[in-house]
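*Asks:* Sending over my_file16.cif (mmCIF, C-alpha atoms and all ligand atoms).
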data_my_file
#
loop_
_atom_site.label_atom_id
_atom_site.label_comp_id
_atom_site.auth_asym_id
_atom_site.auth_seq_id
_atom_site.Cartn_x
_atom_site.Cartn_y
_atom_site.Cartn_z
CA MET A 58 -17.17 0.06 88.62
CA THR A 59 -20.03 0.15 91.09
CA SER A 60 -23.04 -2.08 90.56
CA CYS A 61 -26.07 -0.62 88.79
CA GLY A 62 -27.89 1.69 91.17
CA SER A 63 -31.49 2.72 90.93
CA ARG A 64 -30.83 6.44 90.49
CA VAL A 65 -31.52 7.28 86.86
CA ALA A 66 -31.06 10.50 84.89
CA LEU A 67 -33.10 10.87 81.71
CA ILE A 68 -31.63 13.39 79.29
CA GLY A 69 -34.29 14.34 76.73
CA VAL A 70 -38.01 14.29 77.48
CA GLY A 71 -39.52 14.69 74.02
CA ASN A 72 -42.19 12.36 72.63
CA MET A 73 -40.15 9.18 73.17
CA GLY A 74 -38.38 10.49 76.27
CA SER A 75 -41.70 11.26 77.97
CA ALA A 76 -42.95 7.71 77.27
CA ILE A 77 -39.75 6.41 78.89
CA ALA A 78 -40.13 8.86 81.78
CA ASP A 79 -43.71 7.71 82.41
CA ARG A 80 -42.66 4.05 82.56
CA LEU A 81 -39.66 4.78 84.80
CA VAL A 82 -41.77 6.89 87.18
CA ALA A 83 -44.35 4.08 87.37
CA SER A 84 -41.60 1.55 88.13
CA GLY A 85 -40.53 3.50 91.23
CA LEU A 86 -36.94 4.14 90.16
CA GLU A 87 -35.44 7.35 91.50
CA LEU A 88 -35.45 9.62 88.47
CA THR A 89 -34.05 13.02 87.55
CA LEU A 90 -35.22 14.56 84.29
CA TRP A 91 -33.53 17.13 82.10
CA ASN A 92 -34.87 18.64 78.89
CA ARG A 93 -33.67 21.64 76.87
CA SER A 94 -37.15 23.19 76.90
CA ALA A 95 -38.24 23.37 80.51
CA SER A 96 -41.93 23.30 79.53
CA ARG A 97 -41.68 19.57 78.78
CA ILE A 98 -40.50 18.65 82.28
CA ALA A 99 -42.62 21.15 84.23
CA PRO A 100 -45.59 18.71 84.50
CA TYR A 101 -43.24 16.14 86.08
CA ALA A 102 -41.86 18.70 88.53
CA ARG A 103 -45.42 19.49 89.60
CA ARG A 104 -45.86 15.78 90.42
CA GLY A 105 -42.79 15.90 92.67
CA ILE A 106 -40.40 14.18 90.26
CA HIS A 107 -36.83 15.52 90.35
CA THR A 108 -35.93 17.80 87.46
CA ALA A 109 -32.59 19.45 86.75
CA THR A 110 -31.81 22.79 85.16
CA ALA A 111 -28.48 21.58 83.74
CA VAL A 112 -27.39 18.28 82.15
CA VAL A 113 -24.42 18.03 84.50
CA GLN A 114 -26.71 18.39 87.53
CA ALA A 115 -28.98 15.53 86.31
CA ILE A 116 -26.02 13.27 85.57
CA GLY A 117 -24.35 14.09 88.89
CA ALA A 118 -27.46 12.82 90.71
CA ALA A 119 -27.54 9.43 88.92
CA ASP A 120 -25.82 6.07 88.52
CA VAL A 121 -27.38 5.33 85.14
CA VAL A 122 -27.78 8.05 82.50
CA VAL A 123 -30.37 7.39 79.80
CA VAL A 124 -30.14 9.67 76.77
CA CYS A 125 -33.11 10.12 74.43
CA LEU A 126 -32.36 13.15 72.28
CA LEU A 127 -33.16 13.87 68.65
CA ASP A 128 -29.89 12.60 67.18
CA ASP A 129 -26.12 12.38 67.47
CA GLU A 130 -25.65 16.14 67.04
CA ALA A 131 -28.01 16.89 69.94
CA THR A 132 -26.24 14.24 72.03
CA ARG A 133 -22.83 15.78 71.38
CA ASP A 134 -24.20 19.29 72.08
CA CYS A 135 -25.47 18.15 75.48
CA LEU A 136 -22.82 15.68 76.66
CA LEU A 137 -19.44 16.22 75.07
CA ASN A 138 -17.96 18.83 77.35
CA ASP A 139 -15.51 18.86 80.25
CA ALA A 140 -18.16 19.48 82.91
CA VAL A 141 -20.10 16.33 81.95
CA GLY A 142 -16.88 14.34 81.47
CA ALA A 143 -15.88 15.21 85.03
CA VAL A 144 -19.01 13.62 86.60
CA LEU A 145 -19.27 10.48 84.44
CA SER A 146 -16.80 8.29 86.33
CA GLU A 147 -18.21 4.88 87.40
CA LYS A 148 -21.61 5.62 85.86
CA LEU A 149 -23.34 3.90 82.96
CA LEU A 150 -24.59 5.77 79.91
CA VAL A 151 -27.34 4.30 77.74
CA GLN A 152 -27.76 5.96 74.35
CA LEU A 153 -31.40 5.54 73.23
CA SER A 154 -31.28 8.32 70.60
CA SER A 155 -31.31 7.04 67.02
CA VAL A 156 -27.75 7.13 65.65
CA THR A 157 -25.48 5.37 63.17
CA ALA A 158 -23.07 2.64 64.29
CA ALA A 159 -20.08 4.96 63.77
CA GLN A 160 -21.72 7.70 65.86
CA SER A 161 -22.46 5.20 68.61
CA GLN A 162 -18.90 3.87 68.61
CA ALA A 163 -17.45 7.41 68.79
CA LEU A 164 -19.70 8.19 71.77
CA ALA A 165 -18.71 4.88 73.40
CA ARG A 166 -15.01 5.79 73.09
CA TRP A 167 -15.55 9.20 74.68
CA VAL A 168 -17.73 7.82 77.47
CA ASN A 169 -15.33 4.92 78.19
CA SER A 170 -12.40 7.37 78.30
CA HIS A 171 -14.18 8.95 81.29
CA ASP A 172 -14.39 5.59 83.10
CA CYS A 173 -18.09 5.24 82.30
CA GLY A 174 -19.84 2.17 80.86
CA TYR A 175 -21.79 2.40 77.61
CA VAL A 176 -24.78 0.66 76.06
CA ASP A 177 -26.23 1.49 72.66
CA GLY A 178 -30.00 0.90 72.82
CA GLN A 179 -32.09 1.44 69.72
CA ILE A 180 -35.87 1.61 70.11
CA GLN A 181 -37.82 -0.20 67.41
CA ASP A 182 -41.29 1.17 68.17
CA TYR A 183 -43.47 4.26 68.64
CA PRO A 184 -43.79 6.10 72.01
CA ASP A 185 -47.33 4.78 72.55
CA THR A 186 -46.11 1.22 71.99
CA LEU A 187 -43.46 1.77 74.68
CA ARG A 188 -46.09 3.26 77.01
CA ASP A 189 -48.12 0.05 76.49
CA ALA A 190 -45.02 -2.06 77.36
CA ARG A 191 -44.97 -3.60 73.87
CA ALA A 192 -41.79 -1.97 72.52
CA SER A 193 -38.50 -3.68 71.75
CA ILE A 194 -35.09 -2.16 72.44
CA VAL A 195 -32.11 -3.62 70.58
CA CYS A 196 -28.97 -3.24 72.72
CA SER A 197 -25.25 -3.64 72.20
CA GLY A 198 -22.41 -3.10 74.64
CA SER A 199 -20.16 -5.13 76.91
CA ASN A 200 -21.84 -7.86 78.94
CA GLU A 201 -20.94 -5.98 82.12
CA ALA A 202 -22.47 -2.72 80.88
CA TYR A 203 -25.57 -4.52 79.60
CA ARG A 204 -26.05 -6.24 82.99
CA ARG A 205 -26.08 -2.80 84.61
CA ALA A 206 -28.48 -1.36 82.01
CA GLU A 207 -30.90 -4.28 82.08
CA PRO A 208 -32.88 -3.38 85.26
CA VAL A 209 -33.42 0.19 84.06
CA LEU A 210 -34.35 -0.73 80.48
CA SER A 211 -36.60 -3.53 81.77
CA ALA A 212 -38.37 -0.93 83.90
CA THR A 213 -39.57 0.67 80.64
CA GLY A 214 -41.57 -2.54 80.11
CA SER A 215 -39.78 -3.17 76.82
CA ARG A 216 -38.53 -6.42 75.37
CA LEU A 217 -34.73 -6.25 75.40
CA ILE A 218 -32.61 -7.85 72.68
CA HIS A 219 -28.86 -7.85 73.46
CA VAL A 220 -27.10 -8.37 70.12
CA GLY A 221 -23.49 -8.41 71.26
CA GLU A 222 -20.67 -6.54 72.91
CA GLN A 223 -19.64 -4.30 70.03
CA PRO A 224 -21.16 -0.81 70.53
CA GLY A 225 -22.91 0.20 67.33
CA ASN A 226 -24.24 -3.27 66.42
CA ALA A 227 -27.65 -2.30 67.75
CA ALA A 228 -27.62 0.80 65.53
CA THR A 229 -26.57 -1.26 62.48
CA LEU A 230 -29.39 -3.76 63.03
CA VAL A 231 -32.12 -1.22 63.68
CA ASN A 232 -31.01 0.90 60.72
CA ALA A 233 -31.09 -2.28 58.58
CA GLN A 234 -34.65 -2.87 59.77
CA LEU A 235 -35.54 0.77 59.05
CA SER A 236 -34.18 0.37 55.53
CA PHE A 237 -36.65 -2.48 55.03
CA CYS A 238 -39.61 -0.64 56.57
CA ILE A 239 -39.08 2.65 54.78
CA LEU A 240 -38.50 1.12 51.33
CA ALA A 241 -41.49 -1.22 51.80
CA TYR A 242 -43.67 1.73 52.85
CA VAL A 243 -42.49 3.78 49.85
CA GLY A 244 -43.35 0.80 47.61
CA ALA A 245 -46.82 0.57 49.14
CA LEU A 246 -47.34 4.32 48.77
CA GLN A 247 -46.22 4.18 45.12
CA GLY A 248 -48.87 1.51 44.55
CA LEU A 249 -51.50 3.60 46.33
CA ALA A 250 -50.55 6.66 44.26
CA LEU A 251 -51.01 4.58 41.10
CA CYS A 252 -54.42 3.44 42.33
CA GLN A 253 -55.45 7.03 43.14
CA ARG A 254 -54.43 8.29 39.69
CA ALA A 255 -56.19 5.39 37.94
CA LYS A 256 -59.23 5.67 40.23
CA VAL A 257 -58.77 2.04 41.27
CA SER A 258 -59.79 1.04 44.80
CA PRO A 259 -56.93 1.38 47.35
CA THR A 260 -58.81 -1.18 49.46
CA THR A 261 -58.65 -3.76 46.69
CA PHE A 262 -54.93 -3.03 46.31
CA VAL A 263 -54.10 -3.36 50.02
CA GLU A 264 -56.60 -5.91 51.31
CA THR A 265 -57.09 -8.15 48.29
CA LEU A 266 -53.67 -8.02 46.65
CA LEU A 267 -50.92 -6.88 49.06
CA LEU A 268 -52.05 -8.58 52.25
CA ASP A 269 -52.96 -11.73 50.35
CA TYR A 270 -49.44 -11.79 48.85
CA VAL A 271 -47.86 -11.42 52.29
CA ARG A 272 -50.15 -14.07 53.86
CA LYS A 273 -49.41 -16.65 51.15
CA GLY A 274 -45.90 -16.88 52.60
CA ALA A 275 -43.79 -16.49 49.44
CA PHE A 276 -42.57 -13.16 50.79
CA VAL A 277 -41.32 -14.76 54.01
CA GLU A 278 -39.68 -17.59 52.05
CA ASP A 279 -37.90 -15.02 49.85
CA LEU A 280 -36.61 -13.20 52.96
CA GLU A 281 -35.27 -16.43 54.43
CA LYS A 282 -33.62 -17.32 51.13
CA MET A 283 -31.98 -13.88 50.96
CA MET A 284 -30.70 -14.36 54.53
CA ARG A 285 -29.16 -17.74 53.62
CA ASP A 286 -27.54 -16.20 50.53
CA ALA A 287 -26.12 -13.33 52.60
CA ASN A 288 -24.72 -15.94 55.04
CA GLY A 289 -23.04 -17.68 52.11
CA GLU A 290 -25.10 -20.85 52.75
CA GLN A 291 -25.98 -23.32 50.00
CA HIS A 292 -29.66 -23.96 49.37
CA PRO A 293 -31.68 -25.71 46.64
CA ASP A 294 -32.17 -23.71 43.42
CA SER A 295 -35.28 -21.58 43.61
CA PRO A 296 -38.07 -22.18 41.11
CA GLY A 297 -38.82 -18.42 41.41
CA ALA A 298 -38.24 -15.77 38.72
CA ALA A 299 -34.78 -14.91 37.40
CA LEU A 300 -33.34 -11.43 37.94
CA GLU A 301 -33.86 -10.46 34.28
CA VAL A 302 -37.56 -11.38 34.60
CA TRP A 303 -37.79 -9.22 37.74
CA GLN A 304 -36.20 -6.33 35.82
CA SER A 305 -38.74 -6.60 32.99
CA ALA A 306 -41.53 -6.55 35.58
CA PHE A 307 -39.95 -3.55 37.29
CA GLN A 308 -39.71 -1.67 33.99
CA LEU A 309 -43.45 -2.24 33.57
CA VAL A 310 -43.93 -0.57 36.97
CA ILE A 311 -41.85 2.42 35.82
CA GLY A 312 -43.84 2.65 32.57
CA GLU A 313 -47.14 2.48 34.47
CA CYS A 314 -46.01 5.22 36.87
CA GLN A 315 -44.76 7.43 34.01
CA SER A 316 -48.14 7.08 32.25
CA ALA A 317 -49.80 8.12 35.50
CA ARG A 318 -47.38 11.14 35.77
CA LEU A 319 -45.95 9.95 39.08
CA GLU A 320 -42.44 10.60 40.41
CA VAL A 321 -40.13 7.84 39.11
CA SER A 322 -36.56 9.08 39.76
CA HIS A 323 -36.20 6.74 42.77
CA LEU A 324 -37.46 3.84 40.61
CA ASP A 325 -34.91 4.68 37.89
CA ALA A 326 -32.16 4.39 40.53
CA ILE A 327 -33.38 0.89 41.42
CA ASP A 328 -33.48 -0.05 37.71
CA VAL A 329 -29.77 0.88 37.57
CA LEU A 330 -29.13 -1.70 40.34
CA PHE A 331 -30.89 -4.38 38.26
CA GLY A 332 -28.83 -3.40 35.21
CA ARG A 333 -25.54 -3.61 37.14
CA ALA A 334 -26.27 -7.09 38.53
CA ILE A 335 -27.46 -8.40 35.16
CA GLY A 336 -24.41 -6.83 33.46
CA GLY A 337 -22.27 -8.64 36.04
CA GLY A 338 -23.62 -11.99 34.86
CA TYR A 339 -26.43 -12.56 37.37
CA GLY A 340 -29.37 -12.31 34.93
CA LYS A 341 -30.41 -15.94 35.42
CA ALA A 342 -29.87 -15.82 39.19
CA ASP A 343 -32.47 -15.29 41.90
CA ILE A 344 -33.64 -11.80 43.02
CA ALA A 345 -31.22 -12.20 45.97
CA ALA A 346 -28.36 -11.59 43.50
CA LEU A 347 -29.36 -7.91 43.50
CA ILE A 348 -27.22 -7.64 46.65
CA LYS A 349 -24.16 -7.79 44.34
CA SER A 350 -25.10 -4.33 43.04
CA LEU A 351 -25.19 -3.03 46.58
CA THR A 352 -21.93 -4.54 47.82
CA THR A 353 -19.56 -4.34 44.84
N1 LIG B 1 -41.00 9.03 68.05
C1 LIG B 1 -40.78 7.80 67.58
O1 LIG B 1 -41.68 7.15 67.02
C2 LIG B 1 -39.43 7.16 67.75
C3 LIG B 1 -39.30 5.77 67.50
C4 LIG B 1 -38.06 5.16 67.67
C5 LIG B 1 -36.96 5.94 68.02
N2 LIG B 1 -37.12 7.28 68.23
C6 LIG B 1 -35.93 8.07 68.55
O2 LIG B 1 -36.05 8.66 69.82
C7 LIG B 1 -35.31 9.90 69.80
C8 LIG B 1 -36.21 11.01 70.30
O3 LIG B 1 -37.30 11.10 69.42
P1 LIG B 1 -38.65 11.86 69.83
O4 LIG B 1 -39.74 11.26 69.05
O5 LIG B 1 -38.75 11.94 71.30
O6 LIG B 1 -38.34 13.30 69.22
P2 LIG B 1 -38.83 14.73 69.79
O7 LIG B 1 -40.18 14.62 70.40
O8 LIG B 1 -38.64 15.69 68.67
O9 LIG B 1 -37.79 15.05 70.95
C9 LIG B 1 -36.46 15.38 70.63
C10 LIG B 1 -35.75 15.66 71.91
O10 LIG B 1 -34.40 16.06 71.60
C11 LIG B 1 -34.20 17.36 72.19
N3 LIG B 1 -33.24 18.10 71.39
C12 LIG B 1 -33.19 18.22 70.04
N4 LIG B 1 -32.11 18.94 69.68
C13 LIG B 1 -31.47 19.27 70.82
C14 LIG B 1 -30.28 19.98 71.09
N5 LIG B 1 -29.52 20.49 70.11
N6 LIG B 1 -29.91 20.12 72.38
C15 LIG B 1 -30.66 19.58 73.38
N7 LIG B 1 -31.81 18.90 73.19
C16 LIG B 1 -32.19 18.72 71.90
C17 LIG B 1 -35.56 17.99 72.25
O11 LIG B 1 -35.56 19.03 73.18
P3 LIG B 1 -36.70 20.18 73.12
O12 LIG B 1 -37.91 19.59 73.80
O13 LIG B 1 -36.11 21.30 73.84
O14 LIG B 1 -36.95 20.47 71.66
C18 LIG B 1 -36.37 16.78 72.71
O15 LIG B 1 -36.17 16.49 74.08
C19 LIG B 1 -34.86 10.14 68.34
O16 LIG B 1 -33.52 9.77 68.19
C20 LIG B 1 -35.77 9.21 67.57
O17 LIG B 1 -35.22 8.80 66.34
C21 LIG B 1 -38.32 7.90 68.11
#
Just give me the structure as structure tokens.

*Replies:*
Amino acid sequence: MTSCGSRVALIGVGNMGSAIADRLVASGLELTLWNRSASRIAPYARRGIHTATAVVQAIGAADVVVVCLLDDEATRDCLLNDAVGAVLSEKLLVQLSSVTAAQSQALARWVNSHDCGYVDGQIQDYPDTLRDARASIVCSGSNEAYRRAEPVLSATGSRLIHVGEQPGNAATLVNAQLSFCILAYVGALQGLALCQRAKVSPTTFVETLLLDYVRKGAFVEDLEKMMRDANGEQHPDSPGAALEVWQSAFQLVIGECQSARLEVSHLDAIDVLFGRAIGGGYGKADIAALIKSLTT
């Protein structure tokens, strides 16, 4: 393998890709852009930045290929063909599109089979956050591949977090984080919907109750306790509520939402998880025991 060069191809110049392109252009790296819709790269061409009319042309002109497409399907549409395979040798491919771990590992196998290094990089933030150099990119891939990717990814101004050599680990971690964010947001929106229906102030709900709860620290302590449980570590018994008490509280939430004629099917599914864990003998255990319903 050659060492990481400064010639970069960026495949995909959508909302996130254009934020990456702007940072890479500002860093002075030699860049070639490709996008399916030419209109998105035309402004760059007018500024004298190299653009390509075919993926294979962009990749042929680069040492490091950064991919930022919609998803795995778009990635396979653009990359998995003989023409691209023939020009990948001794290059490095960095997959920044959001994918699953299995999709990342399958791409890594194909890329490696063409004598090309591979790094899975999952972006945790919005395009504007990346433009402001405040984004984080979680990366996985061999140490050698990561060393080659580092100067290019650093040029985006992002904080890099290398989580290990196994391709796909970055995707697992970022999808785990997304699971937290999305479910927490849905929970907050459910609360806001309840407030709207009951004509209770959303500001009181968010500022006085929710943020106060988060600031008091019990939430962070619960997260740390769950982490220790998931690691199989011993820790002192919690004086917090038992799982069966949590379920009663959750059933109150469902009742309140039903009275307010809100959608509750997703809440019923969570109630089933409580029932399974309690039926499995974890009724007196901490809320962390709910993980048993997810893993068994
Ligand atoms: N936006 C965010 O806040 C954010 C945050 C973290 C991660 N991400 C990830 O970043 C990636 C890009 O997101 P984005 O916000 O830039 O989305 P976007 O603005 O919709 O851009 C999608 C890109 O994929 C291209 N594309 C889609 N299907 C294609 C296909 N079949 N063949 C070729 N090109 C195809 C689009 O090309 P056209 O321009 O021709 O349509 C465009 O360049 C996604 O995986 C997303 O999950 C985004």

*Asks:* Taking into account all atoms listed in the file, which residue in the set A:Asn72, A:Asn200, A:Gln253, A:Gln308 is nearest to ligand LIG 1 (chain B)?

*Replies:*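 Selected residue with least distance to ligand LIG 1 (chain B): A:Asn72.
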
*Asks:* Can you work out the spacing between CA of Trp167 (chain A) and CA of Ala140 (chain A) in Å, to one decimal?

*Replies:* 13.4 Å

*Asks:* Which residue, A:Ala334, A:Leu150, A:Ala119, A:Leu137, has the smallest gap to ligand LIG 1 (chain B) when you use all atoms listed in the file?

*Replies:*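 Ranking A:Ala334, A:Leu150, A:Ala119, A:Leu137 by distance to ligand LIG 1 (chain B), first place goes to A:Leu137.
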
*Asks:* Measuring atom to atom with all atoms listed in the file, identify which of A:Gln162, A:Gln179, A:Thr157, A:Thr261 is nearest to ligand LIG 1 (chain B).

*Replies:* A:Gln179

*Asks:* Go ahead and compute the interatomic distance for CA of Tyr270 (chain A) and CA of Ala245 (chain A), in Å to one decimal.

*Replies:*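 Pair CA of Tyr270 (chain A) / CA of Ala245 (chain A) returns 12.6 Å.
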
*Asks:* Would you please work out which residue, of A:Glu320, A:Asp139, A:Asp325, A:Asp177, is nearest to ligand LIG 1 (chain B) when using all atoms listed in the file?

*Replies:*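 For ligand LIG 1 (chain B), the nearest of the candidates is A:Asp177.
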
*Asks:* Calculated over all atoms listed in the file, which of the candidates A:Pro208, A:Gly142, A:Pro184, A:Pro100 has the smallest distance to ligand LIG 1 (chain B)?

*Replies:*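 The shortest atom-to-atom distance to ligand LIG 1 (chain B) comes from A:Pro184.
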
*Asks:* Report as a list in words all protein, DNA and RNA residues lying within 10 Å of Ser75 (chain A), evaluated on all atoms listed in the file, omitting residues in the same chain fewer than 4 positions from it.

*Replies:*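 Near Ser75 (chain A), the qualifying residues are Leu67, Gly69, Val70, Gly71, Asp79, Arg80, Leu81, Leu90, Arg97, Ile98, Tyr101, Cys125, Pro184 and Arg188 of chain A.
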
*Asks:* Once you count only C-alpha atoms and all ligand atoms, which residues end up within 6 Å of ligand LIG 1 (chain B), and could you hand them over as a list in words?

*Replies:*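 Checking only C-alpha atoms and all ligand atoms against ligand LIG 1 (chain B) at 6 Å gives Gly69, Val70, Gly71, Asn72, Met73, Gly74, Asn92, Arg93, Ser94, Cys125, Leu126, Leu127, Asp128, Ala131, Asp134, Cys135, Ser154, Ser155, Ile180, Gln181, Asp182, Tyr183 and Pro184 of chain A.
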
*Asks:* Keeping only C-alpha atoms, write the selected residues as a PDB file, in the coordinates of the input.

*Replies:*
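What landed in out-v6.pdb:
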ATOM      1  CA  GLY A  69     -34.290  14.340  76.730  1.00  0.00           C
ATOM      2  CA  VAL A  70     -38.010  14.290  77.480  1.00  0.00           C
ATOM      3  CA  GLY A  71     -39.520  14.690  74.020  1.00  0.00           C
ATOM      4  CA  ASN A  72     -42.190  12.360  72.630  1.00  0.00           C
ATOM      5  CA  MET A  73     -40.150   9.180  73.170  1.00  0.00           C
ATOM      6  CA  GLY A  74     -38.380  10.490  76.270  1.00  0.00           C
ATOM      7  CA  ASN A  92     -34.870  18.640  78.890  1.00  0.00           C
ATOM      8  CA  ARG A  93     -33.670  21.640  76.870  1.00  0.00           C
ATOM      9  CA  SER A  94     -37.150  23.190  76.900  1.00  0.00           C
ATOM     10  CA  CYS A 125     -33.110  10.120  74.430  1.00  0.00           C
ATOM     11  CA  LEU A 126     -32.360  13.150  72.280  1.00  0.00           C
ATOM     12  CA  LEU A 127     -33.160  13.870  68.650  1.00  0.00           C
ATOM     13  CA  ASP A 128     -29.890  12.600  67.180  1.00  0.00           C
ATOM     14  CA  ALA A 131     -28.010  16.890  69.940  1.00  0.00           C
ATOM     15  CA  ASP A 134     -24.200  19.290  72.080  1.00  0.00           C
ATOM     16  CA  CYS A 135     -25.470  18.150  75.480  1.00  0.00           C
ATOM     17  CA  SER A 154     -31.280   8.320  70.600  1.00  0.00           C
ATOM     18  CA  SER A 155     -31.310   7.040  67.020  1.00  0.00           C
ATOM     19  CA  ILE A 180     -35.870   1.610  70.110  1.00  0.00           C
ATOM     20  CA  GLN A 181     -37.820  -0.200  67.410  1.00  0.00           C
ATOM     21  CA  ASP A 182     -41.290   1.170  68.170  1.00  0.00           C
ATOM     22  CA  TYR A 183     -43.470   4.260  68.640  1.00  0.00           C
ATOM     23  CA  PRO A 184     -43.790   6.100  72.010  1.00  0.00           C
TER      24      PRO A 184
END

*Asks:* Taking (-45.1, -4.7, 49.9) as a centre in this file's frame and 9 Å as the limit, can you find every polymer residue with an atom that close, using all atoms listed in the file, and give them as a PyMOL selection string?

*Replies:* chain A and resi 240-245+267-268+270-271+276

*Asks:* Kindly give the distance, in Å, that separates CA of Lys349 (chain A) and CA of Ala287 (chain A), rounded to a single decimal.

*Replies:* 10.1 Å

*Asks:* So, with all atoms listed in the file as the atoms that count, which of A:Val176, A:Ile116, A:Val209, A:Val151 lies closest to Gly85 (chain A)?

*Replies:*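 Closest to Gly85 (chain A), using all atoms listed in the file: A:Val209.
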
*Asks:* Could you give me, as a VMD selection string, the residues within 10 Å of Glu207 (chain A), counting only C-alpha atoms and dropping anything in the same chain fewer than 3 positions from it?

*Replies:* chain A and resid 61 176 196 202 to 204 210 to 212 217 219

*Asks:* Any idea what's packed within 12 Å of Gln315 (chain A), counting all atoms listed in the file, ignoring anything in its chain fewer than 4 positions away? Could you give it as number ranges by chain?

*Replies:* A: 247, 250-251, 254, 308-311, 319-322, 324-325

*Asks:* Could you please give me, as a list of chain:residue names, the residues of protein, DNA or RNA lying at most 12 Å from (-26.5, -17.3, 50.9) in the coordinate frame of the file, considering all atoms listed in the file?

*Replies:*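 Collected hits near the coordinates: A:Asp279, A:Leu280, A:Glu281, A:Lys282, A:Met283, A:Met284, A:Arg285, A:Asp286, A:Ala287, A:Asn288, A:Gly289, A:Glu290, A:Gln291, A:His292, A:Pro293, A:Asp294, A:Asp343, A:Ile344, A:Ala345, A:Ala346, A:Ile348, A:Lys349.
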
*Asks:* For the residues in that selection, give me C-alpha atoms as a CSV table (one decimal), in the coordinates of the input.

*Replies:*
chain,number,residue,atom,x,y,z
A,279,ASP,CA,-37.9,-15.0,49.8
A,280,LEU,CA,-36.6,-13.2,53.0
A,281,GLU,CA,-35.3,-16.4,54.4
A,282,LYS,CA,-33.6,-17.3,51.1
A,283,MET,CA,-32.0,-13.9,51.0
A,284,MET,CA,-30.7,-14.4,54.5
A,285,ARG,CA,-29.2,-17.7,53.6
A,286,ASP,CA,-27.5,-16.2,50.5
A,287,ALA,CA,-26.1,-13.3,52.6
A,288,ASN,CA,-24.7,-15.9,55.0
A,289,GLY,CA,-23.0,-17.7,52.1
A,290,GLU,CA,-25.1,-20.8,52.8
A,291,GLN,CA,-26.0,-23.3,50.0
A,292,HIS,CA,-29.7,-24.0,49.4
A,293,PRO,CA,-31.7,-25.7,46.6
A,294,ASP,CA,-32.2,-23.7,43.4
A,343,ASP,CA,-32.5,-15.3,41.9
A,344,ILE,CA,-33.6,-11.8,43.0
A,345,ALA,CA,-31.2,-12.2,46.0
A,346,ALA,CA,-28.4,-11.6,43.5
A,348,ILE,CA,-27.2,-7.6,46.6
A,349,LYS,CA,-24.2,-7.8,44.3

*Asks:* Kindly list the centre and edge lengths in Å, rounded to one decimal, for the axis-aligned box that covers all listed atoms of region 203-213 of chain A plus 4 Å on each of its six sides, as lines of an AutoDock Vina configuration file.

*Replies:*
center_x = -32.6
center_y = -2.8
center_z = 82.4
size_x = 22.0
size_y = 14.9
size_z = 13.7
